[in-house]
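**Student:** My questions all concern the structure below.
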Amino acid sequence: MNADGEFPDPHLWLEEVQGEAALAWVRERNAQARRVLEAHPDFFALRERIRAVLDSRDRIPAVTRRGDWLYNLWQDADNPRGVWRRTTLDEFRKAEPRWDTLLDVDALGRAEHKNWVWGGAVVLRPQDERALVKLSRGGADAVVAREFHIPTRKFVTDGFVLPEAKCEVGWLDGDTVLVGTDFGPGSLTDSGYPRVVKRWRRGEPLAHATTVFEGEAQDVSAWFHIDRTPGYERTLVGRSLDFYNSRTWRWLGAGLVAIDKPDDARLSFWRDHVLIELRSDWAVAGTTHARGSLLVAEAAAYESGARELTPLFTPTPTRSLAGYTTTRTHIVLDILQDVASRLEEWRVEDGHWQRRDIRAPFPGTIGVAALHDPMIDADPLAEAFWLSYSDFLTPDSLVLAATGSDAQQTIKARPRFFDPVGMRVEQNFANSKDGTRVPYFVVWPAGAKADGANPTLLYGYGGFEVSQQPWYSGTFGAAWYERGGVLVVANIRGGGEYGPAWHQAAVGSLKQRSYDDFIAVAEDLVARGITRPSQLAMQGGSNGGLLVGAVMLQRPDLFNAVVCQVPLLDMRRYHRLLAGASWMAEYGDPDDPEQWAWIAPYSPYQNVRAEQQLPHILLTTSTRDDRVHPGHARKMAARLLEQRHDVLYYENIEGGHGGAADNAQRADMLALEFSFLWQQLKA
């Protein structure tokens with residue numbers, strides 16, 4: 001026993017990501033998993049079917065508008081790492097648009113002998129001739145940034161170049177950028193993100209860049225936002241104190257001016273207004289605004305100290321704000337009503353805010369994204385926005401809409417990847433341990449009945465205010481629904497389905513409620529005859545990996561199989577590994593005895609016991625995951641193996657926190673996971 005009163009951890013060597021012994025252990029585990037899972041008679045057919053879905057040319061390209069161009073990163077069988085390309089809106093309307101290729105990531109990787117994965121591009125507006133292109137080795141969060149000249153399709157000789165790090169960079173002008181990166185000792189936070197923001201001029205060594213803002217070591221990060229909208233130019237800097245609290249300043253070049261707001265509120269500027277999303281009740285100017293509200297005020301008045309705030313959205317027990325977007329004159333709200341999307345728009349008329357409902361499909365998941373380019377004075381798309389819709393049985397569609405009207409034009413629609421005839425979706429509610437009603441969706445395959453004999457996969461997340469809304473998946477259609485599998489998606493506390501209150505009900509000392517909710521849904525599935533424990537599996541990734549790891553140990557009798565992806569599992573050391581310190585606002589500080597007392601009972605790695613009869617387990621992760629350390633999954637697998645539990649482990653060498661770097665790797669990982677499920681849930 002050490003000085004902390006803990007037993008030494010015999011598996012710490014597995015935290016050596018590139019250690020020779022650790023990699024040998026990984027190779028052995030990977031080979032074993034492949035032998036077992038590729039033995040499933042449908043493995044290779046599943047993989048090819050999934051790959052065909054992922055590489056389909058009928059996917060809807062995700063585009064970003066800059067000026068006359070729509071930009072996209074496209075991956076398919078011929079371009080596994082992708083091509084950065086652009087087209088015009090008129091072309092995009094066509095079934096087969098002409099695309100202008102700017103950068104071929106696969107060709108670049110071959111030429112430079114690097115396994116480059118696209119990390120995004122920051123384009124200098126409004127000229128749109130230069131970009132800071134971000135490239136990641138193997139899909140990690142850490143990237144290099146290199147200046148790229150768009151007209152010549154070449155990287156700029158002696159241009160801006162940032163070495164590999166978790167970094168942010170943005171253009172102040174053609175010869176000056178703001179940058180947060182690893183500048184050397186003391187320049188990163190305890191979470192491994194930039195602590196310092198500097199102004200860097202062209203031709204100047206990075207080491208000579210001028211510091212403009214600093215956060216604290218215990219912060220998650222220091223950040224900046226550059227708004228170059230003509231007439232509303234402003235640069236903001238700030239500290240992310242933790243995952244939910246931040247402070248903001250306006251940077252004036254020669255100094256900083258603090259912008260007052262509640263620490264846990266999100267504040268953004270929109271032209272001459274400021275928008276504030278509340279995570280806590282806020283009593284101001286004689287009025288208390290409820291957490292989950294969206295408030296608007298005139299920016300100049302707000303910054304001068306006035307608090308004339310107008311609520312555009314106030315939550316109810318069944319309605320929450322999922323997000324919003326802004327056109328030139330409107331704010332479009334995406335509202336969840338019992339986990340289904342509705343839209344409304346707001347604008348100022350005669351000095352008063354006016355509301356209008358927007359006609360949109362229901363129930364399902366809606367996405368909205370404005371097309372307005374604020375750098376264009378007379379923008380013909382100033383009031384246009386994309387409206388996307390999908391649900392479990394309806395493929396994605398992309399619609400061009402505009403504020404002030406319900407006229408909509410479908411621009412793109414994905415084909416069906418599976419036959420929905422005879423399938424159905426229902427929403428049920430389970431009663432959790434403390435009586436809270438917890439919603440969940442059930443996707444029934446054709447011909448399935450509530451006879452307790454259905455292979456069923458229960459999926460959940462339950463953290464960081466992330467909502468689990470309906471989605472369309474050709475992969476699930478090919479690998480699950482068509483073969484008779486039922487999918488269940490649980491909307492447990494810790495997520496954002498009912499706003500900040502739903503999240504805050506299961507953080508810190510209350511985290512066990514997420515697991516209680518998930519268990520309640522599983523019990524409800526059995527009680528309704530949807531499935532039985534021998535036919536029930538659960539799946540989750542990242543925080544969802546922690547979820548299924550904890551529930552597996554608390555109620556092993558309820559499940560026959562577990563797919564645990566890129567998980568947190570060692571909650572005693574999570575805050576010391578990679579970005580783990582940034583999540584202490586969600587889980588607590590294990591070094592504080594009072595907080596460890598509420599973490600310890602659910603931390604999976606510390607609670608595995610040899611005498612338990614556990615479900616069959618598949619653990620997956622990525623060597624290049626520099627967000628959630630692969631040591632979590634490695635150590636858990638080692639402990640399970642020591643205790644002779646039935647566990648398979650697979651670690652993809654690339655992929656970052658997403659687990660895969662391209663469609664071939666994604667198809668392979670998915671085929672391994674679905675083969676595992678079918679092996680365990682066969683009748």
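Ordered as shown in the structure tokens, chains take letters A, B, and onward, while each chain numbers its residues from 1 and ligands are numbered from 1 in the order shown.
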Please produce, as a Markdown table, a per-residue contact table for region 150-183 of chain A versus region 192-206 of chain A (criterion: any atom at most 7 Å away, only C-alpha atoms considered), showing the nearest atom pair and its distance in Å to one decimal, sorted by chain then residue number.
**Tutor:**
```
| residue | atom | partner | partner_atom | distance |
| --- | --- | --- | --- | --- |
| A:Phe160 | CA | A:Arg202 | CA | 6.9 |
| A:Lys166 | CA | A:Tyr193 | CA | 6.0 |
| A:Cys167 | CA | A:Pro194 | CA | 6.5 |
| A:Asp175 | CA | A:Arg202 | CA | 5.0 |
| A:Thr176 | CA | A:Arg201 | CA | 4.5 |
| A:Val177 | CA | A:Trp200 | CA | 5.4 |
| A:Leu178 | CA | A:Arg199 | CA | 4.7 |
| A:Val179 | CA | A:Lys198 | CA | 5.4 |
| A:Gly180 | CA | A:Val197 | CA | 4.6 |
| A:Thr181 | CA | A:Pro194 | CA | 5.1 |
| A:Asp182 | CA | A:Pro194 | CA | 6.3 |
```
**Student:** Can those selected residues be exported to a file as an mmCIF file, in the first residue's frame so that it contains N, CA and C atoms?
**Tutor:**
```cif
data_model
loop_
_atom_site.group_PDB
_atom_site.id
_atom_site.type_symbol
_atom_site.label_atom_id
_atom_site.label_comp_id
_atom_site.auth_asym_id
_atom_site.auth_seq_id
_atom_site.Cartn_x
_atom_site.Cartn_y
_atom_site.Cartn_z
ATOM 1 N N PHE A 160 3.066 31.060 -42.613
ATOM 2 C CA PHE A 160 2.823 30.682 -41.221
ATOM 3 C C PHE A 160 2.807 29.154 -41.107
ATOM 4 N N LYS A 166 -2.170 20.839 -29.706
ATOM 5 C CA LYS A 166 -3.577 21.216 -29.619
ATOM 6 C C LYS A 166 -3.602 22.740 -29.653
ATOM 7 N N CYS A 167 -4.037 23.300 -30.776
ATOM 8 C CA CYS A 167 -3.852 24.729 -30.985
ATOM 9 C C CYS A 167 -5.092 25.363 -31.599
ATOM 10 N N ASP A 175 -1.315 39.600 -42.610
ATOM 11 C CA ASP A 175 0.047 39.396 -42.128
ATOM 12 C C ASP A 175 0.123 39.158 -40.626
ATOM 13 N N THR A 176 -1.026 38.986 -39.988
ATOM 14 C CA THR A 176 -1.033 38.842 -38.533
ATOM 15 C C THR A 176 -2.083 37.818 -38.111
ATOM 16 N N VAL A 177 -1.706 36.947 -37.180
ATOM 17 C CA VAL A 177 -2.659 35.976 -36.641
ATOM 18 C C VAL A 177 -2.624 36.024 -35.126
ATOM 19 N N LEU A 178 -3.722 35.580 -34.516
ATOM 20 C CA LEU A 178 -3.714 35.234 -33.107
ATOM 21 C C LEU A 178 -3.545 33.731 -33.012
ATOM 22 N N VAL A 179 -2.779 33.300 -32.029
ATOM 23 C CA VAL A 179 -2.510 31.874 -31.909
ATOM 24 C C VAL A 179 -2.406 31.470 -30.445
ATOM 25 N N GLY A 180 -3.013 30.332 -30.136
ATOM 26 C CA GLY A 180 -2.820 29.668 -28.857
ATOM 27 C C GLY A 180 -2.271 28.284 -29.147
ATOM 28 N N THR A 181 -1.104 27.972 -28.596
ATOM 29 C CA THR A 181 -0.471 26.688 -28.883
ATOM 30 C C THR A 181 0.501 26.361 -27.758
ATOM 31 N N ASP A 182 1.318 25.338 -27.981
ATOM 32 C CA ASP A 182 2.359 24.990 -27.026
ATOM 33 C C ASP A 182 3.585 25.849 -27.328
#
```
**Student:** As a ChimeraX atom specification, please: every residue in region 91-276 of chain A that DSSP puts in strand (DSSP E).
**Tutor:** /A:100-104,116-123,130-137,143-149,154-155,161-165,168-173,176-180,196-201,210-214,221-227,234-240,246-251,256-259,266-270,273-276
**Student:** Using only C-alpha atoms for the distances, tell me which of A:Leu670, A:Gly460, A:Glu349, A:Val466 is nearest to Ala322 (chain A).
**Tutor:**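 Smallest distance to Ala322 (chain A) is found for A:Val466.
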**Student:** List every residue of region 435-534 of chain A that has an atom at most 12 Å from any atom of region 323-342 of chain A, giving for each one its closest atom pair and the distance in Å to one decimal, counting only C-alpha atoms, sorted by chain and then by ascending residue number, as CSV.
**Tutor:**
```
residue,atom,partner,partner_atom,distance
A:Arg437,CA,A:Asp338,CA,11.4
A:Val438,CA,A:Asp338,CA,10.3
A:Pro439,CA,A:Asp338,CA,7.9
A:Tyr440,CA,A:Val339,CA,9.3
A:Phe441,CA,A:Val339,CA,9.6
A:Val466,CA,A:Gly323,CA,11.6
A:Ser467,CA,A:Val339,CA,8.1
A:Gln468,CA,A:Val339,CA,8.0
A:Gln469,CA,A:Val339,CA,6.2
A:Pro470,CA,A:Ala340,CA,8.0
A:Trp471,CA,A:Ala340,CA,11.2
A:Val489,CA,A:Val339,CA,11.2
A:Ala490,CA,A:Val339,CA,10.8
A:Asn491,CA,A:Val339,CA,8.3
A:Ile492,CA,A:Val339,CA,11.4
A:Gly495,CA,A:Val339,CA,11.1
A:Gly496,CA,A:Val339,CA,9.5
A:Glu497,CA,A:Val339,CA,5.9
A:Tyr498,CA,A:Asp338,CA,7.6
A:Gly499,CA,A:Leu336,CA,8.9
```
**Student:** Quick one: residues within 10 Å of Ile411 (chain A), only C-alpha atoms, excluding same-chain residues fewer than 4 positions away - as an MDAnalysis selection string?
**Tutor:** chainID A and resid 60 89 92:95 386 397:400
**Student:** How would the residues just chosen look if you wrote them out with C-alpha atoms as a compact mmCIF listing (two decimals), in the first residue's frame?
**Tutor:**
```txt
# COMPACT_ATOMS: atom_id res chain seq x y z
CA ILE A 60 -25.10 14.79 -48.61
CA LEU A 89 -24.61 27.15 -54.88
CA PHE A 92 -24.59 22.38 -55.62
CA ARG A 93 -28.25 22.32 -56.60
CA LYS A 94 -27.42 19.84 -59.37
CA ALA A 95 -27.48 16.07 -58.92
CA TRP A 386 -30.12 25.33 -44.44
CA SER A 397 -32.59 15.81 -46.47
CA LEU A 398 -31.13 19.29 -46.98
CA VAL A 399 -33.58 22.10 -47.64
CA LEU A 400 -32.94 25.72 -48.59
```
**Student:** Name all residues at most 8 Å from region 650-667 of chain A (count only C-alpha atoms; drop same-chain ones fewer than 3 positions away) and give them as a ChimeraX atom specification.
**Tutor:** /A:26,29-30,33,47-48,50-51,54-55,75-77,80-81,117,138-141,566,618-628,670-671
**Student:** With distances taken over only C-alpha atoms, which of A:Leu677, A:Trp502, A:Gly82, A:Trp598 is nearest to Leu457 (chain A)?
**Tutor:**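 Among A:Leu677, A:Trp502, A:Gly82, A:Trp598, it is A:Leu677 that comes nearest to Leu457 (chain A).
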**Student:** Please indicate the distance in Å from CA of Leu578 (chain A) to CA of His629 (chain A), rounded to one decimal place.
**Tutor:**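 So the answer is 6.3 Å.
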**Student:** Using only C-alpha atoms, which of A:Tyr472, A:Tyr605, A:Tyr461, A:Trp13 sits nearest Gly545 (chain A)?
**Tutor:**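 Distance minimum relative to Gly545 (chain A) lands on A:Tyr461.
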**Student:** Using only C-alpha atoms, can you tell me which of A:Ile358, A:Val563, A:Ala501, A:Ala265 comes closest to Glu673 (chain A)?
**Tutor:**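 Of the candidates, the smallest distance to Glu673 (chain A) is held by A:Val563.
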**Student:** Please identify all polymer residues within 9 Å of Pro395 (chain A), counting only C-alpha atoms, omitting same-chain residues fewer than 5 positions from it, and present them as a list of chain:residue names.
**Tutor:** A:Tyr389, A:Ser390, A:Ala413, A:Arg414, A:Pro415, A:Arg416, A:Phe417, A:Trp471, A:Tyr472, A:Ser473, A:Gly474
**Student:** Have a look at A:Ala561, A:Leu295, A:Ala217, A:Leu640 and name the one nearest to Met538 (chain A); count only C-alpha atoms.
**Tutor:**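 Ranked by minimum distance to Met538 (chain A), first place goes to A:Ala561.
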**Student:** Write out as a VMD selection string each polymer residue whose atoms come within 8 Å of region 418-422 of chain A, counting only C-alpha atoms; drop sequence neighbours fewer than 5 positions from it.
**Tutor:** chain A and resid 393 445 to 447 474 477 to 478 482
**Student:** Pick out each residue of region 476-681 of chain A that DSSP on the backbone tags as alpha helix (DSSP H); I need them as a count of residues only.
**Tutor:** 83
**Student:** Which residue is closest to Leu672 (chain A)? Choose from A:Arg34, A:Arg356, A:Arg239, A:Lys412 and count only C-alpha atoms.
**Tutor:**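 Under the stated criterion, the closest residue is A:Arg34.
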